[in-house]
$ cat my_file-v1.cif   # mmCIF, C-alpha atoms
data_entry
#
loop_
_atom_site.label_atom_id
_atom_site.label_comp_id
_atom_site.auth_asym_id
_atom_site.auth_seq_id
_atom_site.Cartn_x
_atom_site.Cartn_y
_atom_site.Cartn_z
CA MET P 1 -107.93 -15.74 18.70
CA THR P 2 -110.69 -18.06 19.84
CA THR P 3 -114.34 -18.64 19.30
CA ALA P 4 -114.78 -20.31 22.64
CA ALA P 5 -118.24 -21.25 23.81
CA THR P 6 -119.15 -20.31 27.34
CA ASP P 7 -121.92 -21.30 29.67
CA ALA P 8 -123.34 -17.80 29.48
CA THR P 9 -126.41 -17.29 27.32
CA PRO P 10 -125.09 -17.13 23.74
CA PRO P 11 -126.59 -14.43 21.51
CA ARG P 12 -128.72 -15.20 18.52
CA LEU P 13 -126.27 -15.55 15.66
CA PRO P 14 -126.29 -12.36 13.58
CA ALA P 15 -127.59 -11.83 10.09
CA ALA P 16 -125.19 -10.55 7.48
CA THR P 17 -125.97 -6.84 7.45
CA PRO P 18 -126.36 -4.72 10.60
CA PRO P 19 -129.86 -3.39 9.81
CA GLN P 20 -131.20 -6.95 9.63
CA ARG P 21 -129.57 -8.35 12.77
CA ALA P 22 -131.93 -9.71 15.35
CA GLY P 23 -131.71 -9.16 19.03
CA THR P 24 -131.91 -11.72 21.79
CA ALA P 25 -132.37 -15.40 21.01
CA THR P 26 -135.26 -17.30 22.49
CA PRO P 27 -133.63 -19.70 25.00
CA GLN P 28 -134.24 -23.41 24.52
CA PRO P 29 -134.31 -25.42 27.76
CA VAL P 30 -131.90 -28.30 27.34
CA GLY P 31 -133.81 -30.72 29.51
CA ASP P 32 -137.16 -30.40 27.73
CA THR P 33 -137.15 -33.18 25.14
CA SER P 34 -140.74 -34.33 25.44
CA ALA P 35 -141.69 -33.09 22.01
CA GLU P 36 -138.57 -34.30 20.24
CA PRO P 37 -139.01 -36.79 17.40
CA SER P 38 -137.14 -40.08 17.48
CA GLY P 39 -135.59 -39.64 14.04
CA ALA P 40 -132.37 -37.73 13.38
CA THR P 41 -133.40 -36.20 10.08
CA SER P 42 -133.13 -32.43 9.99
CA PRO P 43 -136.16 -30.39 8.89
CA GLU P 44 -136.28 -28.37 5.72
CA PRO P 45 -134.22 -25.19 6.18
CA VAL P 46 -136.16 -22.03 6.86
CA GLY P 47 -135.78 -19.54 3.99
CA GLY P 48 -133.34 -21.45 1.79
CA THR P 49 -131.78 -24.75 0.80
CA SER P 50 -129.36 -26.68 3.00
CA SER P 51 -126.32 -25.43 1.08
CA GLU P 52 -127.58 -21.84 1.27
CA LEU P 53 -128.12 -22.15 5.01
CA LEU P 54 -124.63 -23.55 5.61
CA ALA P 55 -122.99 -20.94 3.37
CA VAL P 56 -124.80 -18.08 5.14
CA VAL P 57 -124.01 -19.29 8.67
CA ALA P 58 -120.36 -19.90 7.74
CA SER P 59 -120.08 -16.46 6.15
CA ARG P 60 -121.38 -14.74 9.29
CA ALA P 61 -118.71 -16.53 11.34
CA LEU P 62 -116.04 -14.73 9.30
CA ALA P 63 -116.91 -11.30 10.68
CA GLY P 64 -113.74 -9.71 12.05
CA ARG P 65 -111.42 -12.15 10.31
CA ARG P 66 -108.78 -10.94 7.88
CA THR P 67 -107.25 -13.98 6.14
CA VAL P 68 -108.94 -17.28 5.27
CA PHE P 69 -107.47 -20.43 3.77
CA ALA P 70 -110.45 -21.72 1.79
CA GLY P 71 -111.27 -24.77 -0.25
CA ILE P 72 -113.61 -25.16 -3.19
CA GLY P 73 -117.33 -25.61 -2.58
CA LEU P 74 -119.11 -24.34 0.53
CA PRO P 75 -116.00 -22.49 1.82
CA THR P 76 -115.86 -20.58 -1.47
CA LEU P 77 -119.53 -19.66 -1.18
CA ALA P 78 -119.08 -18.58 2.44
CA THR P 79 -115.99 -16.43 1.83
CA SER P 80 -117.50 -14.81 -1.26
CA LEU P 81 -120.68 -13.92 0.64
CA ALA P 82 -118.67 -12.65 3.63
CA GLN P 83 -116.77 -10.27 1.33
CA LEU P 84 -120.12 -8.80 0.27
CA THR P 85 -121.48 -8.55 3.82
CA VAL P 86 -119.61 -8.90 7.12
CA ALA P 87 -115.96 -8.95 5.97
CA PRO P 88 -115.39 -6.73 2.92
CA ARG P 89 -111.59 -6.72 3.44
CA LEU P 90 -111.32 -10.50 3.77
CA GLU P 91 -108.31 -11.95 1.94
CA VAL P 92 -108.82 -15.47 0.58
CA VAL P 93 -105.89 -17.83 0.14
CA TYR P 94 -106.11 -21.02 -1.92
CA GLU P 95 -104.00 -24.18 -1.73
CA SER P 96 -102.81 -23.60 -5.28
CA GLY P 97 -100.76 -20.63 -4.02
CA VAL P 98 -103.18 -17.84 -4.95
CA CYS P 99 -103.36 -15.11 -2.30
CA GLY P 100 -105.90 -12.30 -2.35
CA ALA P 101 -107.96 -13.75 -5.18
CA HIS P 102 -110.46 -11.49 -6.97
CA PRO P 103 -112.18 -13.91 -9.38
CA SER P 104 -114.77 -12.62 -11.82
CA HIS P 105 -116.88 -15.70 -11.08
CA LEU P 106 -116.74 -18.76 -8.83
CA PRO P 107 -113.73 -21.02 -9.40
CA GLU P 108 -114.50 -24.67 -10.07
CA THR P 109 -111.12 -25.97 -8.84
CA ILE P 110 -108.29 -24.56 -6.73
CA ALA P 111 -106.27 -24.32 -9.95
CA ASP P 112 -108.97 -22.51 -11.95
CA ALA P 113 -107.36 -19.74 -14.01
CA VAL P 114 -110.07 -17.34 -12.87
CA LEU P 115 -108.37 -17.25 -9.47
CA ILE P 116 -105.09 -15.97 -10.89
CA THR P 117 -106.38 -13.01 -12.87
CA GLY P 118 -106.28 -9.96 -10.61
CA ALA P 119 -104.91 -11.86 -7.59
CA GLU P 120 -102.65 -10.06 -5.15
CA ALA P 121 -99.99 -12.78 -5.44
CA VAL P 122 -99.37 -16.31 -6.68
CA LEU P 123 -96.84 -18.17 -4.54
CA THR P 124 -94.95 -21.41 -4.89
CA MET P 125 -95.92 -24.31 -2.63
CA PRO P 126 -92.85 -23.87 -0.37
CA ALA P 127 -93.64 -20.17 0.05
CA LEU P 128 -97.34 -20.77 0.68
CA PHE P 129 -96.95 -23.51 3.26
CA GLY P 130 -93.57 -22.51 4.67
CA TYR P 131 -94.20 -18.79 5.04
CA VAL P 132 -97.92 -18.00 4.90
CA LEU P 133 -99.27 -20.98 6.87
CA GLN P 134 -96.33 -21.83 9.12
CA GLY P 135 -95.70 -18.14 9.64
CA GLY P 136 -99.07 -17.80 11.38
CA HIS P 137 -100.62 -15.51 8.76
CA ILE P 138 -103.93 -17.38 8.39
CA ASP P 139 -106.77 -16.43 10.75
CA VAL P 140 -109.20 -19.18 9.71
CA GLY P 141 -108.74 -22.39 7.80
CA PHE P 142 -111.86 -23.93 6.26
CA LEU P 143 -111.82 -27.74 6.22
CA GLY P 144 -114.26 -30.50 5.42
CA ALA P 145 -114.13 -34.13 6.50
CA ALA P 146 -115.90 -37.45 6.28
CA GLN P 147 -115.64 -37.94 10.04
CA ILE P 148 -114.97 -35.77 13.07
CA ASP P 149 -114.67 -36.74 16.74
CA LYS P 150 -115.45 -34.73 19.87
CA TRP P 151 -111.88 -33.35 20.06
CA GLY P 152 -111.96 -31.96 16.50
CA ASN P 153 -109.75 -34.63 14.91
CA LEU P 154 -110.67 -35.21 11.25
CA ASN P 155 -110.78 -38.19 8.89
CA SER P 156 -110.67 -37.61 5.15
CA SER P 157 -108.82 -40.81 4.16
CA VAL P 158 -110.87 -44.02 4.53
CA ILE P 159 -114.12 -45.32 5.96
CA GLY P 160 -113.65 -48.79 7.38
CA ASP P 161 -110.47 -50.80 7.77
CA TRP P 162 -107.34 -49.20 6.33
CA HIS P 163 -106.36 -52.34 4.43
CA SER P 164 -109.83 -53.00 3.06
CA PRO P 165 -111.87 -49.81 3.36
CA GLY P 166 -115.51 -49.54 2.49
CA VAL P 167 -114.85 -46.05 1.09
CA ARG P 168 -111.54 -44.56 0.01
CA LEU P 169 -111.40 -40.76 0.24
CA PRO P 170 -109.06 -38.09 -1.18
CA GLY P 171 -106.84 -37.88 1.91
CA SER P 172 -105.14 -34.93 3.53
CA GLY P 173 -104.00 -32.62 0.76
CA GLY P 174 -103.03 -29.52 2.71
CA ALA P 175 -105.42 -30.20 5.59
CA MET P 176 -102.65 -31.30 7.96
CA GLU P 177 -100.82 -28.00 7.53
CA VAL P 178 -104.02 -25.99 7.84
CA MET P 179 -105.02 -27.80 11.03
CA ALA P 180 -101.61 -27.30 12.60
CA ASN P 181 -100.91 -23.71 11.56
CA ALA P 182 -104.13 -21.73 11.02
CA ARG P 183 -105.05 -19.80 14.16
CA GLU P 184 -108.36 -21.64 14.17
CA VAL P 185 -110.25 -24.03 11.92
CA PHE P 186 -113.90 -23.98 10.86
CA VAL P 187 -115.43 -27.22 9.59
CA VAL P 188 -118.56 -27.26 7.42
CA MET P 189 -120.38 -30.59 7.10
CA ARG P 190 -123.52 -31.02 5.02
CA ARG P 191 -124.85 -34.01 6.97
CA HIS P 192 -124.81 -34.40 10.74
CA THR P 193 -125.04 -38.17 11.33
CA PRO P 194 -123.59 -40.69 13.81
CA ARG P 195 -121.39 -42.00 11.01
CA SER P 196 -119.79 -38.61 10.43
CA PHE P 197 -119.82 -37.41 14.07
CA THR P 198 -118.24 -40.51 15.53
CA ALA P 199 -116.82 -41.48 18.91
CA GLU P 200 -113.77 -43.00 17.19
CA LEU P 201 -112.39 -42.13 13.77
CA ASP P 202 -111.76 -44.94 11.32
CA PHE P 203 -108.53 -43.12 10.50
CA CYS P 204 -107.07 -39.85 11.79
CA THR P 205 -106.01 -37.77 8.79
CA SER P 206 -105.75 -34.37 10.49
CA PRO P 207 -105.07 -34.51 14.25
CA GLY P 208 -106.17 -31.59 16.36
CA PRO P 209 -103.87 -29.92 18.92
CA ASP P 210 -104.65 -32.35 21.77
CA ARG P 211 -103.77 -35.43 19.77
CA ALA P 212 -100.76 -33.73 18.21
CA LEU P 213 -99.40 -32.71 21.62
CA ALA P 214 -99.79 -36.29 22.85
CA ASP P 215 -97.53 -37.33 19.97
CA GLY P 216 -94.95 -34.68 20.81
CA ILE P 217 -96.02 -32.18 18.12
CA ARG P 218 -96.70 -28.58 19.14
CA PRO P 219 -99.16 -27.00 16.68
CA LEU P 220 -99.36 -23.26 16.15
CA GLY P 221 -103.13 -22.89 16.11
CA ALA P 222 -106.14 -23.82 18.25
CA GLY P 223 -107.45 -26.48 15.87
CA VAL P 224 -111.17 -26.84 15.22
CA THR P 225 -113.12 -24.16 17.08
CA LYS P 226 -116.40 -24.20 15.13
CA VAL P 227 -118.37 -26.87 13.27
CA ILE P 228 -121.39 -25.86 11.17
CA THR P 229 -123.83 -28.58 10.13
CA ASP P 230 -127.35 -28.97 8.80
CA LEU P 231 -128.56 -29.27 12.41
CA GLY P 232 -126.70 -26.49 14.19
CA VAL P 233 -123.38 -25.11 15.39
CA LEU P 234 -120.84 -26.81 17.64
CA GLU P 235 -117.89 -25.02 19.22
CA ARG P 236 -114.76 -26.03 21.07
CA ALA P 237 -113.08 -23.66 23.53
CA GLY P 238 -109.50 -24.87 23.22
CA ALA P 239 -107.00 -27.46 24.48
CA GLY P 240 -108.62 -30.25 26.48
CA GLU P 241 -112.14 -29.15 25.54
CA GLU P 242 -114.75 -31.16 23.67
CA LEU P 243 -117.03 -29.89 20.94
CA ARG P 244 -120.40 -28.90 22.33
CA LEU P 245 -123.65 -27.72 20.86
CA VAL P 246 -124.12 -23.96 21.14
CA ALA P 247 -126.85 -23.24 18.57
CA VAL P 248 -129.50 -25.07 16.58
CA HIS P 249 -131.26 -24.19 13.35
CA PRO P 250 -134.96 -23.25 13.56
CA GLY P 251 -137.10 -26.34 14.08
CA VAL P 252 -134.19 -28.53 15.27
CA THR P 253 -134.21 -29.91 18.81
CA VAL P 254 -131.43 -30.93 21.16
CA GLY P 255 -132.67 -34.53 20.98
CA GLN P 256 -132.26 -34.59 17.21
CA VAL P 257 -128.68 -33.36 17.42
CA ARG P 258 -127.77 -35.77 20.19
CA GLU P 259 -129.31 -38.68 18.30
CA ALA P 260 -127.26 -37.72 15.23
CA THR P 261 -124.00 -37.61 17.22
CA GLY P 262 -121.92 -40.69 17.95
CA TRP P 263 -120.76 -39.55 21.40
CA ASP P 264 -122.44 -38.10 24.47
CA LEU P 265 -122.66 -34.55 23.16
CA LYS P 266 -122.33 -31.73 25.66
CA VAL P 267 -124.77 -28.87 25.30
CA ALA P 268 -124.51 -25.25 26.38
CA GLU P 269 -126.78 -24.44 29.32
CA THR P 270 -128.77 -22.09 27.13
CA LEU P 271 -128.79 -22.41 23.35
CA ALA P 272 -129.05 -19.81 20.65
CA THR P 273 -131.29 -20.29 17.65
CA VAL P 274 -129.57 -19.52 14.37
CA GLU P 275 -131.11 -16.65 12.44
CA PRO P 276 -132.47 -17.96 9.11
CA PRO P 277 -130.87 -16.49 5.97
CA THR P 278 -132.20 -13.03 5.21
CA GLU P 279 -133.71 -12.15 1.86
CA GLU P 280 -130.63 -10.07 1.08
CA GLU P 281 -128.22 -12.89 1.92
CA LEU P 282 -130.16 -15.29 -0.31
CA ARG P 283 -130.31 -12.73 -3.11
CA LEU P 284 -126.56 -12.17 -2.96
CA LEU P 285 -125.88 -15.90 -3.01
CA ARG P 286 -128.25 -16.61 -5.88
CA GLU P 287 -127.68 -13.56 -8.04
CA ASP P 288 -124.15 -12.35 -7.30
CA VAL P 289 -122.11 -15.20 -5.80
CA ASP P 290 -123.38 -18.30 -7.61
CA PRO P 291 -125.98 -17.40 -10.27
CA LYS P 292 -125.12 -20.53 -12.28
CA ARG P 293 -125.56 -22.68 -9.16
CA VAL P 294 -122.13 -24.24 -9.42
CA TYR P 295 -122.18 -25.13 -5.71
CA LEU P 296 -125.64 -24.12 -4.53
CA ARG P 297 -128.03 -27.03 -4.31
#

$ encode --input "my_file-v1.cif" --output "structure tokens"
Amino acid sequence: MTTAATDATPPRLPAATPPQRAGTATPQPVGDTSAEPSGATSPEPVGGTSSELLAVVASRALAGRRTVFAGIGLPTLATSLAQLTVAPRLEVVYESGVCGAHPSHLPETIADAVLITGAEAVLTMPALFGYVLQGGHIDVGFLGAAQIDKWGNLNSSVIGDWHSPGVRLPGSGGAMEVMANAREVFVVMRRHTPRSFTAELDFCTSPGPDRALADGIRPLGAGVTKVITDLGVLERAGAGEELRLVAVHPGVTVGQVREATGWDLKVAETLATVEPPTEEELRLLREDVDPKRVYLR
């Protein structure tokens, strides 16, 4: 399974429900940057907050997927919305061992008791990681990170020098296993900046397939194939391929994304423009998925 970007004209990314899907995207010429501002700050999202926009775009990407290894926060919002829209049979697996969760409301941690009630199964850690993940049963793993490079390697450990870091982060958790064994990995990052999209990681917590292979490790999955940010969508075709920009949010220019990226970002010959959240998607998020705004901002 891949979500490879091609040089063909990508379609406008779909809305959640078929009746509201748009047709052809308006192409954006890559070379025309005359009207691009010098700053890298993204504009206000069209039709929703930044967290709503990211959750909606991530949920649409789950169409056709069957199993997702999700974390708490934006991945939970995205998977919950996808179950109500594009992927009603989506099975969500949590690091705590819960498989096929059917929570009555949003969990606040991966060990929230609401995940267990009505779940299809609750597995031990050896069973979850040794059978479900390493057995190749996860279609998509959702990961976050403090830093990502152009090959899809992730840093969630430290910012700065290892021995005297400026910021110490939570570390890997199960991210290493997810990166190595999920068929593909989606990354959702709230802020697209040169510090987070960096040419060189301060520390590599979760190596992608290319780096793993160089160290003699043969991963099962394709690694990071899609990155969703507040500026747009980046995709990576597979081994030996860099992340490249394939879609931008309304009002965002190529120049803004390049300025916010710490390497010479490749861009698809013709870009898609992401469809803004529909009224129905926003209603579902606000009224059904997260009415108490646990994660929506």

$ closest_residue --input "my_file-v1.cif" --among "P:Val257, P:Val294, P:Ile138, P:Val158" --to "Ser51 (chain P)" --atoms "all atoms listed in the file"
P:Val294

$ closest_residue --input "my_file-v1.cif" --among "P:Leu243, P:Glu280, P:Val178, P:His105" --to "Ala70 (chain P)" --atoms "all atoms listed in the file"
P:Val178

$ residues_near_point --input "my_file-v1.cif" --point "(-103.3, -27.9, 7.2)" --cutoff "12 Å" --atoms "all atoms listed in the file" --output "PyMOL selection string"
chain P and resi 69-71+94-95+128-130+132-134+136+138+140-144+154+171-186+205-209+219-221+223-224

$ write_last_selection --input "my_file-v1.cif" --atoms "C-alpha atoms" --output "PDB file, keeping the file's coordinate frame"
ATOM      1  CA  PHE P  69    -107.470 -20.430   3.770  1.00  0.00           C
ATOM      2  CA  ALA P  70    -110.450 -21.720   1.790  1.00  0.00           C
ATOM      3  CA  GLY P  71    -111.270 -24.770  -0.250  1.00  0.00           C
ATOM      4  CA  TYR P  94    -106.110 -21.020  -1.920  1.00  0.00           C
ATOM      5  CA  GLU P  95    -104.000 -24.180  -1.730  1.00  0.00           C
ATOM      6  CA  LEU P 128     -97.340 -20.770   0.680  1.00  0.00           C
ATOM      7  CA  PHE P 129     -96.950 -23.510   3.260  1.00  0.00           C
ATOM      8  CA  GLY P 130     -93.570 -22.510   4.670  1.00  0.00           C
ATOM      9  CA  VAL P 132     -97.920 -18.000   4.900  1.00  0.00           C
ATOM     10  CA  LEU P 133     -99.270 -20.980   6.870  1.00  0.00           C
ATOM     11  CA  GLN P 134     -96.330 -21.830   9.120  1.00  0.00           C
ATOM     12  CA  GLY P 136     -99.070 -17.800  11.380  1.00  0.00           C
ATOM     13  CA  ILE P 138    -103.930 -17.380   8.390  1.00  0.00           C
ATOM     14  CA  VAL P 140    -109.200 -19.180   9.710  1.00  0.00           C
ATOM     15  CA  GLY P 141    -108.740 -22.390   7.800  1.00  0.00           C
ATOM     16  CA  PHE P 142    -111.860 -23.930   6.260  1.00  0.00           C
ATOM     17  CA  LEU P 143    -111.820 -27.740   6.220  1.00  0.00           C
ATOM     18  CA  GLY P 144    -114.260 -30.500   5.420  1.00  0.00           C
ATOM     19  CA  LEU P 154    -110.670 -35.210  11.250  1.00  0.00           C
ATOM     20  CA  GLY P 171    -106.840 -37.880   1.910  1.00  0.00           C
ATOM     21  CA  SER P 172    -105.140 -34.930   3.530  1.00  0.00           C
ATOM     22  CA  GLY P 173    -104.000 -32.620   0.760  1.00  0.00           C
ATOM     23  CA  GLY P 174    -103.030 -29.520   2.710  1.00  0.00           C
ATOM     24  CA  ALA P 175    -105.420 -30.200   5.590  1.00  0.00           C
ATOM     25  CA  MET P 176    -102.650 -31.300   7.960  1.00  0.00           C
ATOM     26  CA  GLU P 177    -100.820 -28.000   7.530  1.00  0.00           C
ATOM     27  CA  VAL P 178    -104.020 -25.990   7.840  1.00  0.00           C
ATOM     28  CA  MET P 179    -105.020 -27.800  11.030  1.00  0.00           C
ATOM     29  CA  ALA P 180    -101.610 -27.300  12.600  1.00  0.00           C
ATOM     30  CA  ASN P 181    -100.910 -23.710  11.560  1.00  0.00           C
ATOM     31  CA  ALA P 182    -104.130 -21.730  11.020  1.00  0.00           C
ATOM     32  CA  ARG P 183    -105.050 -19.800  14.160  1.00  0.00           C
ATOM     33  CA  GLU P 184    -108.360 -21.640  14.170  1.00  0.00           C
ATOM     34  CA  VAL P 185    -110.250 -24.030  11.920  1.00  0.00           C
ATOM     35  CA  PHE P 186    -113.900 -23.980  10.860  1.00  0.00           C
ATOM     36  CA  THR P 205    -106.010 -37.770   8.790  1.00  0.00           C
ATOM     37  CA  SER P 206    -105.750 -34.370  10.490  1.00  0.00           C
ATOM     38  CA  PRO P 207    -105.070 -34.510  14.250  1.00  0.00           C
ATOM     39  CA  GLY P 208    -106.170 -31.590  16.360  1.00  0.00           C
ATOM     40  CA  PRO P 209    -103.870 -29.920  18.920  1.00  0.00           C
ATOM     41  CA  PRO P 219     -99.160 -27.000  16.680  1.00  0.00           C
ATOM     42  CA  LEU P 220     -99.360 -23.260  16.150  1.00  0.00           C
ATOM     43  CA  GLY P 221    -103.130 -22.890  16.110  1.00  0.00           C
ATOM     44  CA  GLY P 223    -107.450 -26.480  15.870  1.00  0.00           C
ATOM     45  CA  VAL P 224    -111.170 -26.840  15.220  1.00  0.00           C
TER      46      VAL P 224
END

$ closest_residue --input "my_file-v1.cif" --among "P:Gly232, P:Pro126, P:Gly216, P:Gly160" --to "Gly97 (chain P)" --atoms "all atoms listed in the file"
P:Pro126

$ residues_around --input "my_file-v1.cif" --residues "Val248 (chain P)" --least-positions-apart "3" --cutoff "9 Å" --atoms "all atoms listed in the file" --output "PyMOL selection string"
chain P and resi 230-234+245+251-254+257+271-274

$ write_last_selection --input "my_file-v1.cif" --atoms "C-alpha atoms" --output "PDB file, in the frame of the given file"
ATOM      1  CA  ASP P 230    -127.350 -28.970   8.800  1.00  0.00           C
ATOM      2  CA  LEU P 231    -128.560 -29.270  12.410  1.00  0.00           C
ATOM      3  CA  GLY P 232    -126.700 -26.490  14.190  1.00  0.00           C
ATOM      4  CA  VAL P 233    -123.380 -25.110  15.390  1.00  0.00           C
ATOM      5  CA  LEU P 234    -120.840 -26.810  17.640  1.00  0.00           C
ATOM      6  CA  LEU P 245    -123.650 -27.720  20.860  1.00  0.00           C
ATOM      7  CA  GLY P 251    -137.100 -26.340  14.080  1.00  0.00           C
ATOM      8  CA  VAL P 252    -134.190 -28.530  15.270  1.00  0.00           C
ATOM      9  CA  THR P 253    -134.210 -29.910  18.810  1.00  0.00           C
ATOM     10  CA  VAL P 254    -131.430 -30.930  21.160  1.00  0.00           C
ATOM     11  CA  VAL P 257    -128.680 -33.360  17.420  1.00  0.00           C
ATOM     12  CA  LEU P 271    -128.790 -22.410  23.350  1.00  0.00           C
ATOM     13  CA  ALA P 272    -129.050 -19.810  20.650  1.00  0.00           C
ATOM     14  CA  THR P 273    -131.290 -20.290  17.650  1.00  0.00           C
ATOM     15  CA  VAL P 274    -129.570 -19.520  14.370  1.00  0.00           C
TER      16      VAL P 274
END

$ atom_distance --input "my_file-v1.cif" --atom1 "CA of Ala145 (chain P)" --atom2 "CA of Arg190 (chain P)"
10.0 Å

$ closest_residue --input "my_file-v1.cif" --among "P:Thr270, P:Ala222, P:Thr76, P:Leu81" --to "Glu287 (chain P)" --atoms "all atoms listed in the file"
P:Leu81

$ residues_around --input "my_file-v1.cif" --residues "Leu296 (chain P)" --least-positions-apart "6" --cutoff "9 Å" --atoms "all atoms listed in the file" --output "list in words"
Thr49, Ser50, Ser51, Glu52, Ala55, Gly73, Leu74, Leu77, Leu285, Arg286 and Asp290 of chain P
